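J.: mmCIF, C-alpha atoms and all ligand atoms, file my_file-v6.cif:
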```cif
data_my_file
#
loop_
_atom_site.label_atom_id
_atom_site.label_comp_id
_atom_site.auth_asym_id
_atom_site.auth_seq_id
_atom_site.Cartn_x
_atom_site.Cartn_y
_atom_site.Cartn_z
CA MET A 160 0.00 0.00 0.00
CA ALA A 161 1.32 3.45 -0.89
CA THR A 162 2.16 5.46 2.19
CA GLY A 163 1.85 9.19 2.71
CA LYS A 164 3.87 12.17 3.80
CA ILE A 165 3.50 11.75 7.54
CA HIS A 166 4.60 8.13 7.39
CA GLN A 167 7.59 9.21 5.29
CA ASP A 168 8.48 11.83 7.92
CA LEU A 169 8.36 9.16 10.62
CA CYS A 170 10.58 6.86 8.56
CA ASN A 171 13.09 9.70 8.17
CA LEU A 172 13.19 10.14 11.94
CA LYS A 173 13.94 6.45 12.33
CA LYS A 174 16.59 6.54 9.62
CA LYS A 175 18.34 9.53 11.18
CA GLY A 176 17.91 8.27 14.77
CA ASP A 177 15.98 11.42 15.61
CA SER A 178 12.92 12.20 17.71
CA ALA A 179 9.80 14.35 17.44
CA PHE A 180 7.23 15.49 20.00
CA ALA A 181 3.47 14.92 19.93
CA VAL A 182 0.88 16.46 22.23
CA LEU A 183 -2.10 14.19 22.92
CA ALA A 184 -5.37 16.09 23.21
CA ASP A 185 -8.46 14.45 24.68
CA PRO A 186 -11.38 16.40 23.18
CA ASP A 187 -13.54 15.55 26.19
CA LYS A 188 -11.18 17.37 28.51
CA ILE A 189 -10.26 20.45 26.45
CA SER A 190 -12.89 22.96 25.36
CA THR A 191 -12.87 23.96 21.69
CA SER A 192 -11.77 27.49 22.65
CA ASP A 193 -8.89 26.07 24.70
CA MET A 194 -7.88 24.09 21.58
CA ARG A 195 -6.98 27.44 19.99
CA TYR A 196 -4.81 28.33 22.97
CA LEU A 197 -3.22 24.87 22.83
CA ALA A 198 -2.48 25.40 19.14
CA GLU A 199 -0.66 28.65 19.91
CA LEU A 200 1.43 26.98 22.61
CA CYS A 201 2.27 24.12 20.23
CA ASN A 202 3.27 26.55 17.47
CA ASP A 203 5.54 28.50 19.83
CA ALA A 204 7.20 25.39 21.27
CA GLY A 205 7.75 23.69 17.90
CA VAL A 206 5.53 20.67 18.55
CA ASN A 207 5.69 18.24 15.60
CA PHE A 208 2.28 16.51 15.78
CA LEU A 209 -1.06 16.74 17.52
CA PHE A 210 -2.51 13.35 18.41
CA ILE A 211 -6.21 13.46 19.19
CA GLY A 212 -8.64 10.86 20.52
CA GLY A 213 -9.38 8.89 23.64
CA SER A 214 -10.27 5.40 24.83
CA LEU A 215 -13.76 6.66 25.60
CA LEU A 216 -15.21 9.94 24.27
CA MET A 217 -18.54 11.25 25.53
CA ALA A 218 -18.71 14.92 24.54
CA HIS A 219 -19.04 14.60 20.73
CA GLN A 220 -16.67 17.46 20.01
CA LEU A 221 -13.89 15.70 18.13
CA ASP A 222 -14.56 17.48 14.81
CA ALA A 223 -14.99 20.88 16.44
CA SER A 224 -11.78 20.40 18.46
CA ILE A 225 -9.76 19.58 15.34
CA GLN A 226 -11.23 22.54 13.46
CA SER A 227 -10.37 24.92 16.33
CA PHE A 228 -6.81 23.63 16.43
CA LYS A 229 -6.41 23.87 12.68
CA ALA A 230 -7.71 27.44 12.66
CA GLU A 231 -4.51 28.41 14.51
CA SER A 232 -1.91 25.87 13.45
CA ASP A 233 -0.47 23.93 10.52
CA ILE A 234 0.87 21.17 12.79
CA PRO A 235 -0.37 17.82 11.39
CA VAL A 236 -3.29 16.33 13.30
CA ILE A 237 -3.21 12.55 13.72
CA LEU A 238 -6.20 10.57 14.96
CA PHE A 239 -5.43 8.22 17.84
CA PRO A 240 -8.84 6.58 18.01
CA GLY A 241 -10.33 4.55 20.84
CA SER A 242 -13.08 3.32 18.54
CA PRO A 243 -14.18 3.39 14.88
CA ALA A 244 -16.54 6.25 15.81
CA GLN A 245 -13.47 8.48 16.10
CA VAL A 246 -12.61 8.41 12.38
CA THR A 247 -13.11 11.88 10.90
CA PRO A 248 -11.88 13.46 7.66
CA TYR A 249 -11.01 16.72 9.48
CA ALA A 250 -7.67 15.23 10.59
CA ASP A 251 -4.62 14.60 8.40
CA ALA A 252 -3.84 11.00 9.28
CA LEU A 253 -5.13 8.02 11.22
CA LEU A 254 -3.18 5.66 13.43
CA TYR A 255 -4.85 2.45 12.27
CA LEU A 256 -4.26 0.60 15.52
CA SER A 257 -4.03 -3.16 15.91
CA VAL A 258 -3.59 -4.07 19.56
CA VAL A 259 -0.84 -6.60 18.91
CA SER A 260 -0.03 -6.98 22.61
CA GLY A 261 -3.49 -8.46 23.23
CA ARG A 262 -5.39 -11.46 21.96
CA ASN A 263 -8.69 -9.70 21.41
CA ALA A 264 -9.66 -10.44 17.79
CA GLU A 265 -11.99 -7.41 17.70
CA LEU A 266 -9.03 -5.06 18.21
CA LEU A 267 -6.72 -7.03 15.94
CA ILE A 268 -9.06 -7.11 12.91
CA GLY A 269 -12.77 -7.06 13.80
CA GLN A 270 -13.27 -3.31 14.23
CA HIS A 271 -11.06 -2.66 11.21
CA VAL A 272 -13.44 -4.62 9.01
CA VAL A 273 -16.42 -2.70 10.38
CA SER A 274 -14.77 0.68 9.91
CA ALA A 275 -13.05 -0.08 6.56
CA PRO A 276 -15.65 1.69 4.34
CA VAL A 277 -15.51 4.84 6.48
CA VAL A 278 -11.71 4.82 6.60
CA LYS A 279 -11.47 4.26 2.83
CA ALA A 280 -13.82 7.14 2.10
CA SER A 281 -12.18 9.51 4.60
CA GLY A 282 -9.19 10.48 2.47
CA LEU A 283 -7.04 10.24 5.63
CA GLU A 284 -3.47 9.06 5.44
CA VAL A 285 -3.70 5.61 7.04
CA ILE A 286 -0.72 4.62 9.19
CA SER A 287 -0.92 0.98 10.10
CA THR A 288 0.21 0.74 13.73
CA GLY A 289 1.31 -2.21 15.86
CA TYR A 290 -0.05 -0.96 19.18
CA MET A 291 1.55 -2.49 22.26
CA ILE A 292 0.04 -1.81 25.67
CA ILE A 293 2.71 -2.11 28.36
CA ASP A 294 1.86 -2.54 32.04
CA GLY A 295 2.11 0.90 33.63
CA GLY A 296 1.65 -0.18 37.25
CA VAL A 297 -2.05 0.70 37.36
CA GLN A 298 -5.20 -0.33 35.47
CA THR A 299 -5.46 2.32 32.72
CA THR A 300 -8.53 3.07 30.62
CA VAL A 301 -6.91 1.65 27.50
CA SER A 302 -5.94 -1.53 29.28
CA TYR A 303 -9.49 -2.01 30.68
CA MET A 304 -11.27 -1.06 27.43
CA SER A 305 -9.08 -3.32 25.30
CA ASN A 306 -10.06 -6.31 27.42
CA ALA A 307 -6.55 -7.65 26.94
CA MET A 308 -3.56 -8.18 29.19
CA PRO A 309 -0.74 -5.66 28.85
CA ILE A 310 2.84 -6.79 28.30
CA PRO A 311 4.64 -7.04 31.68
CA ALA A 312 6.89 -4.03 32.18
CA ASN A 313 9.88 -6.19 33.12
CA LYS A 314 9.74 -8.41 30.03
CA PRO A 315 11.48 -6.51 27.23
CA GLU A 316 11.96 -9.75 25.32
CA ILE A 317 8.17 -10.20 25.02
CA ALA A 318 7.93 -6.60 23.80
CA LEU A 319 10.64 -7.26 21.21
CA CYS A 320 9.05 -10.45 19.88
CA THR A 321 5.68 -8.66 19.66
CA ALA A 322 7.35 -5.79 17.80
CA TRP A 323 9.09 -8.19 15.43
CA ALA A 324 5.80 -9.95 14.67
CA ALA A 325 4.10 -6.61 13.95
CA GLU A 326 7.00 -5.49 11.75
CA MET A 327 6.99 -8.76 9.79
CA GLN A 328 3.22 -8.44 9.34
CA GLY A 329 3.89 -5.14 7.58
CA LYS A 330 2.84 -2.58 10.18
CA HIS A 331 4.18 0.89 9.33
CA VAL A 332 4.98 1.94 12.89
CA LEU A 333 5.07 0.62 16.47
CA TYR A 334 3.45 2.37 19.44
CA MET A 335 4.45 1.30 22.96
CA ASP A 336 1.94 2.79 25.40
CA ALA A 337 1.88 2.45 29.18
CA GLY A 338 -1.59 4.05 28.99
CA SER A 339 -2.75 7.52 29.83
CA GLY A 340 -2.01 8.28 33.46
CA ALA A 341 0.30 5.29 33.91
CA LEU A 342 2.19 5.26 37.20
CA ASN A 343 5.26 3.88 35.48
CA PRO A 344 6.09 4.93 31.93
CA VAL A 345 7.68 2.45 29.53
CA SER A 346 11.26 1.84 30.66
CA ALA A 347 14.23 3.10 28.68
CA GLU A 348 15.52 -0.48 28.70
CA MET A 349 12.42 -1.77 26.88
CA ILE A 350 12.46 1.16 24.43
CA LYS A 351 16.11 0.51 23.64
CA LYS A 352 15.60 -3.21 23.11
CA VAL A 353 12.72 -2.69 20.67
CA SER A 354 14.26 0.29 18.90
CA MET A 355 17.68 -1.32 18.38
CA HIS A 356 16.29 -4.46 16.79
CA THR A 357 13.48 -3.13 14.58
CA ASP A 358 13.54 -0.93 11.48
CA ILE A 359 10.18 0.84 11.71
CA PRO A 360 9.49 4.08 13.61
CA LEU A 361 8.71 3.77 17.32
CA ILE A 362 6.14 5.91 19.15
CA VAL A 363 6.25 5.91 22.97
CA GLY A 364 3.72 7.33 25.45
CA GLY A 365 1.91 6.94 28.74
CA GLY A 366 2.82 8.45 32.12
CA ILE A 367 5.61 10.71 30.84
CA HIS A 368 5.80 13.90 32.95
CA THR A 369 9.30 15.30 32.89
CA PRO A 370 11.88 16.61 30.41
CA GLU A 371 14.37 14.14 31.94
CA LYS A 372 12.21 11.14 31.04
CA VAL A 373 11.57 12.56 27.57
CA TYR A 374 15.30 12.98 27.05
CA ALA A 375 16.05 9.44 28.27
CA ASN A 376 13.37 7.95 26.00
CA CYS A 377 14.74 9.79 22.97
CA GLN A 378 18.24 8.59 23.72
CA ALA A 379 16.89 5.06 24.06
CA GLY A 380 15.49 5.29 20.53
CA ALA A 381 11.91 6.61 20.70
CA ASN A 382 11.08 8.46 17.47
CA ILE A 383 7.91 10.13 18.75
CA ILE A 384 7.22 11.00 22.37
CA VAL A 385 3.53 11.42 23.22
CA VAL A 386 2.42 13.38 26.29
CA GLY A 387 -1.18 14.05 27.31
CA ASN A 388 -1.95 14.23 31.05
CA ALA A 389 1.09 16.21 32.15
CA ILE A 390 0.28 18.90 29.56
CA GLU A 391 -3.39 19.00 30.57
CA ARG A 392 -2.19 19.77 34.09
CA ASP A 393 0.43 22.31 33.02
CA PRO A 394 0.25 23.44 29.37
CA LEU A 395 3.39 25.55 29.79
CA LEU A 396 5.38 22.31 30.18
CA ILE A 397 5.13 21.85 26.40
CA ARG A 398 8.15 24.05 25.73
CA ASP A 399 10.50 22.13 28.05
CA LEU A 400 9.29 18.73 26.84
CA CYS A 401 9.80 19.78 23.23
CA GLN A 402 13.26 21.06 23.94
CA ALA A 403 14.17 17.81 25.73
CA THR A 404 12.96 15.88 22.67
CA ARG A 405 15.19 17.89 20.33
CA GLN A 406 18.20 17.47 22.61
CA GLY A 407 17.57 13.76 23.20
CA GLY A 408 17.06 13.13 19.48
CA GLN A 409 20.30 14.83 18.60
CA LYS A 410 22.10 12.74 21.17
CA GLN A 411 20.58 9.61 19.60
CA THR A 412 21.89 10.76 16.21
CA ALA A 413 25.41 11.45 17.55
C1 LIG A 501 -1.70 7.57 26.21
O1 LIG A 501 0.43 7.70 25.30
C2 LIG A 501 -0.63 8.45 25.72
O2 LIG A 501 -2.22 6.76 25.24
C3 LIG A 501 -0.31 9.57 26.65
O3 LIG A 501 -0.34 9.23 28.02
O4 LIG A 501 -1.73 11.01 29.10
O5 LIG A 501 -0.13 9.64 30.47
O6 LIG A 501 0.72 11.35 28.86
P1 LIG A 501 -0.36 10.36 29.16
#
```
What's the C-alpha cells form of this structure?
Ligand code: 1GP

T.:
Amino acid sequence: MATGKIHQDLCNLKKKGDSAFAVLADPDKISTSDMRYLAELCNDAGVNFLFIGGSLLMAHQLDASIQSFKAESDIPVILFPGSPAQVTPYADALLYLSVVSGRNAELLIGQHVVSAPVVKASGLEVISTGYMIIDGGVQTTVSYMSNAMPIPANKPEIALCTAWAAEMQGKHVLYMDAGSGALNPVSAEMIKKVSMHTDIPLIVGGGIHTPEKVYANCQAGANIIVVGNAIERDPLLIRDLCQATRQGGQKQTA
C-alpha cells in the first residue's frame, strides 16, 4: 500500500535516529476554545504533531476540536482513536491501531473490518500501527477497554518479539503505550531493546511527565514521544518537553 507524507516523515526520523514530539489532546477534557490556545502553545514550542482521541469519548466534540486547532496551526493532526466512531476526515492521518499486545480479535481485525468503508472514504493518510500496551503499574482506561492483558513491564523480550511480529506483518509503525495516566512509563531499557532491533518508527507514550524522562526515551530510541496528562495539568510544560525531545534526538543521532 502506498504510504503518505507523515509516514515518510516518521521513517526519516527512524533513519536519522531522531525524535519528534506529539501532544495528545483528549477532546472531552479540552474545550474547543482552549484548543486554539493549545495550538498557539504548540506553534511557539515547535511541537511536531497533535494526536487526538481517547479510549472513551462522551462529549461529541472531536470534529470541532480539530477545526479549532487547525484554525490556529499547521501542525499535522493525527487521529489516535479509541473506537471506529473516532474516524473523521477533518484530521490529516489516522493511526490504524491493531492491539498486537493483546489477543482480542476485535481489536486485531474485527473493528477494522467494520470501519473499513468509512476509513477508505475519509481520504485520511492511514498509518498501520502495531499498538503495544505495556503494564504501567495501574489499570489504565486503554488496558481495561481493550479487554486484553498488557505486556509485563519487566519483560522486554516479550515486547521485542511482539514488535518483530508486527513489523513482519507489515505494520508501518510501532506504538508502545503504558496508557494515559500510567504510574510507570515504559522503561528506557524496553524502548532501547525494541528500537535497536526493529527498522520501523517507534512511538512511545503513557505516564511521561518530565523533560528528563523525555530525554532518556529519545536517547533510548523513541522516534515520537507522546504526552497528554502532564500537559493537561500544566500546558506551559510543552516548551521544556519539546526542547528535551530535540536534545535527546540529537544525542541519539550522535
Ligand atoms: C496515552 O500515550 C498516551 O495513550 C499519553 O499518556 O496522558 O499519560 O501522557 P499520558

J.: So the first atom is atom CA of Asp185 of chain A and the second is atom CA of Gly295 of chain A; what is the distance between them in Å, to one decimal place?

T.: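 It comes out at 19.4 Å.
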
J.: Using all atoms listed in the file for the distances, tell me which of A:Asp336, A:Asp233, A:Asp187, A:Asp251 is nearest to Leu361 of chain A.

T.: A:Asp336

J.: Taking all atoms of segment 175-185 of chain A that the file lists and extending 4 Å past them on each side, where is the centre of the axis-aligned box and how long are its edges? Answer in Å to one decimal, as lines of an AutoDock Vina configuration file.

T.:
```
center_x = 4.9
center_y = 12.4
center_z = 17.9
size_x = 34.8
size_y = 16.2
size_z = 21.5
```

J.: Out of A:Asn382, A:Asn388, A:Asn306, A:Ser190, which residue has the shortest atom-to-atom distance to Cys170 of chain A when counting all atoms listed in the file?

T.: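 Of all the options, A:Asn382 lies closest to Cys170 of chain A.
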
J.: Out of A:Pro240, A:Gly408, A:Gly329, A:Pro235, which residue has the shortest atom-to-atom distance to ligand LIG 501 (chain A) when counting all atoms listed in the file?

T.: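 For ligand LIG 501 (chain A), the nearest of the candidates is A:Pro240.
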
J.: Using all atoms listed in the file, which residues have at least one atom no more than 8 Å from ligand LIG 501 (chain A)? Output them as a VMD selection string.

T.: chain A and resid 183 213 301 335 to 341 344 363 to 368 385 to 390

J.: Only N, CA and C atoms, please: segment 236-269 of chain A from the block, as a PDB file, in the first residue's frame.

T.:
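As a result, out.pdb now contains:
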```pdb
ATOM      1  N   VAL A 236      -2.414  16.910  12.292  1.00  0.00           N
ATOM      2  CA  VAL A 236      -3.292  16.327  13.303  1.00  0.00           C
ATOM      3  C   VAL A 236      -3.497  14.841  12.971  1.00  0.00           C
ATOM      4  N   ILE A 237      -3.154  14.002  13.931  1.00  0.00           N
ATOM      5  CA  ILE A 237      -3.210  12.548  13.721  1.00  0.00           C
ATOM      6  C   ILE A 237      -4.231  11.940  14.679  1.00  0.00           C
ATOM      7  N   LEU A 238      -5.190  11.216  14.123  1.00  0.00           N
ATOM      8  CA  LEU A 238      -6.199  10.569  14.963  1.00  0.00           C
ATOM      9  C   LEU A 238      -5.586   9.381  15.696  1.00  0.00           C
ATOM     10  N   PHE A 239      -5.866   9.326  16.996  1.00  0.00           N
ATOM     11  CA  PHE A 239      -5.431   8.217  17.840  1.00  0.00           C
ATOM     12  C   PHE A 239      -6.715   7.655  18.453  1.00  0.00           C
ATOM     13  N   PRO A 240      -7.450   6.851  17.668  1.00  0.00           N
ATOM     14  CA  PRO A 240      -8.843   6.576  18.012  1.00  0.00           C
ATOM     15  C   PRO A 240      -9.010   5.437  19.009  1.00  0.00           C
ATOM     16  N   GLY A 241      -9.968   5.622  19.918  1.00  0.00           N
ATOM     17  CA  GLY A 241     -10.331   4.554  20.840  1.00  0.00           C
ATOM     18  C   GLY A 241     -11.422   3.668  20.269  1.00  0.00           C
ATOM     19  N   SER A 242     -12.033   4.122  19.159  1.00  0.00           N
ATOM     20  CA  SER A 242     -13.085   3.321  18.541  1.00  0.00           C
ATOM     21  C   SER A 242     -13.286   3.796  17.105  1.00  0.00           C
ATOM     22  N   PRO A 243     -13.953   2.978  16.263  1.00  0.00           N
ATOM     23  CA  PRO A 243     -14.179   3.388  14.876  1.00  0.00           C
ATOM     24  C   PRO A 243     -14.999   4.673  14.775  1.00  0.00           C
ATOM     25  N   ALA A 244     -15.743   5.023  15.839  1.00  0.00           N
ATOM     26  CA  ALA A 244     -16.541   6.252  15.812  1.00  0.00           C
ATOM     27  C   ALA A 244     -15.653   7.492  15.790  1.00  0.00           C
ATOM     28  N   GLN A 245     -14.367   7.326  16.060  1.00  0.00           N
ATOM     29  CA  GLN A 245     -13.467   8.480  16.099  1.00  0.00           C
ATOM     30  C   GLN A 245     -12.702   8.680  14.794  1.00  0.00           C
ATOM     31  N   VAL A 246     -13.233   8.171  13.692  1.00  0.00           N
ATOM     32  CA  VAL A 246     -12.610   8.413  12.377  1.00  0.00           C
ATOM     33  C   VAL A 246     -13.298   9.622  11.757  1.00  0.00           C
ATOM     34  N   THR A 247     -12.524  10.668  11.481  1.00  0.00           N
ATOM     35  CA  THR A 247     -13.109  11.876  10.898  1.00  0.00           C
ATOM     36  C   THR A 247     -12.180  12.456   9.836  1.00  0.00           C
ATOM     37  N   PRO A 248     -12.726  12.925   8.735  1.00  0.00           N
ATOM     38  CA  PRO A 248     -11.882  13.459   7.660  1.00  0.00           C
ATOM     39  C   PRO A 248     -11.248  14.802   7.998  1.00  0.00           C
ATOM     40  N   TYR A 249     -11.600  15.413   9.140  1.00  0.00           N
ATOM     41  CA  TYR A 249     -11.012  16.715   9.480  1.00  0.00           C
ATOM     42  C   TYR A 249      -9.533  16.604   9.855  1.00  0.00           C
ATOM     43  N   ALA A 250      -9.084  15.406  10.223  1.00  0.00           N
ATOM     44  CA  ALA A 250      -7.670  15.227  10.595  1.00  0.00           C
ATOM     45  C   ALA A 250      -6.831  14.989   9.337  1.00  0.00           C
ATOM     46  N   ASP A 251      -5.516  14.847   9.536  1.00  0.00           N
ATOM     47  CA  ASP A 251      -4.618  14.601   8.397  1.00  0.00           C
ATOM     48  C   ASP A 251      -4.306  13.115   8.237  1.00  0.00           C
ATOM     49  N   ALA A 252      -4.232  12.416   9.343  1.00  0.00           N
ATOM     50  CA  ALA A 252      -3.838  11.000   9.277  1.00  0.00           C
ATOM     51  C   ALA A 252      -4.525  10.228  10.398  1.00  0.00           C
ATOM     52  N   LEU A 253      -4.494   8.916  10.253  1.00  0.00           N
ATOM     53  CA  LEU A 253      -5.134   8.023  11.221  1.00  0.00           C
ATOM     54  C   LEU A 253      -4.125   6.962  11.643  1.00  0.00           C
ATOM     55  N   LEU A 254      -3.918   6.834  12.947  1.00  0.00           N
ATOM     56  CA  LEU A 254      -3.183   5.663  13.431  1.00  0.00           C
ATOM     57  C   LEU A 254      -4.173   4.503  13.399  1.00  0.00           C
ATOM     58  N   TYR A 255      -3.939   3.581  12.475  1.00  0.00           N
ATOM     59  CA  TYR A 255      -4.847   2.448  12.271  1.00  0.00           C
ATOM     60  C   TYR A 255      -4.346   1.342  13.190  1.00  0.00           C
ATOM     61  N   LEU A 256      -4.866   1.357  14.427  1.00  0.00           N
ATOM     62  CA  LEU A 256      -4.263   0.599  15.519  1.00  0.00           C
ATOM     63  C   LEU A 256      -4.701  -0.857  15.531  1.00  0.00           C
ATOM     64  N   SER A 257      -3.736  -1.768  15.569  1.00  0.00           N
ATOM     65  CA  SER A 257      -4.031  -3.163  15.914  1.00  0.00           C
ATOM     66  C   SER A 257      -3.371  -3.425  17.256  1.00  0.00           C
ATOM     67  N   VAL A 258      -4.153  -3.856  18.227  1.00  0.00           N
ATOM     68  CA  VAL A 258      -3.589  -4.073  19.562  1.00  0.00           C
ATOM     69  C   VAL A 258      -2.853  -5.413  19.558  1.00  0.00           C
ATOM     70  N   VAL A 259      -1.604  -5.366  19.116  1.00  0.00           N
ATOM     71  CA  VAL A 259      -0.843  -6.601  18.912  1.00  0.00           C
ATOM     72  C   VAL A 259      -0.342  -7.206  20.223  1.00  0.00           C
ATOM     73  N   SER A 260      -0.412  -6.415  21.311  1.00  0.00           N
ATOM     74  CA  SER A 260      -0.026  -6.976  22.615  1.00  0.00           C
ATOM     75  C   SER A 260      -1.135  -7.846  23.191  1.00  0.00           C
ATOM     76  N   GLY A 261      -2.352  -7.721  22.695  1.00  0.00           N
ATOM     77  CA  GLY A 261      -3.493  -8.461  23.232  1.00  0.00           C
ATOM     78  C   GLY A 261      -3.896  -9.605  22.327  1.00  0.00           C
ATOM     79  N   ARG A 262      -4.895 -10.319  22.748  1.00  0.00           N
ATOM     80  CA  ARG A 262      -5.391 -11.457  21.957  1.00  0.00           C
ATOM     81  C   ARG A 262      -6.882 -11.283  21.717  1.00  0.00           C
ATOM     82  N   ASN A 263      -7.289 -10.028  21.627  1.00  0.00           N
ATOM     83  CA  ASN A 263      -8.690  -9.699  21.406  1.00  0.00           C
ATOM     84  C   ASN A 263      -8.892  -9.490  19.901  1.00  0.00           C
ATOM     85  N   ALA A 264      -9.540 -10.471  19.258  1.00  0.00           N
ATOM     86  CA  ALA A 264      -9.662 -10.442  17.790  1.00  0.00           C
ATOM     87  C   ALA A 264     -10.368  -9.191  17.292  1.00  0.00           C
ATOM     88  N   GLU A 265     -11.282  -8.634  18.108  1.00  0.00           N
ATOM     89  CA  GLU A 265     -11.990  -7.410  17.697  1.00  0.00           C
ATOM     90  C   GLU A 265     -11.010  -6.264  17.454  1.00  0.00           C
ATOM     91  N   LEU A 266      -9.970  -6.180  18.321  1.00  0.00           N
ATOM     92  CA  LEU A 266      -9.031  -5.062  18.214  1.00  0.00           C
ATOM     93  C   LEU A 266      -7.835  -5.391  17.317  1.00  0.00           C
ATOM     94  N   LEU A 267      -7.762  -6.650  16.900  1.00  0.00           N
ATOM     95  CA  LEU A 267      -6.718  -7.026  15.939  1.00  0.00           C
ATOM     96  C   LEU A 267      -7.231  -6.860  14.507  1.00  0.00           C
ATOM     97  N   ILE A 268      -8.519  -7.182  14.271  1.00  0.00           N
ATOM     98  CA  ILE A 268      -9.056  -7.113  12.912  1.00  0.00           C
ATOM     99  C   ILE A 268     -10.550  -6.787  12.844  1.00  0.00           C
ATOM    100  N   GLY A 269     -11.309  -7.170  13.881  1.00  0.00           N
ATOM    101  CA  GLY A 269     -12.770  -7.063  13.801  1.00  0.00           C
ATOM    102  C   GLY A 269     -13.265  -5.644  13.548  1.00  0.00           C
TER     103      GLY A 269
END
```
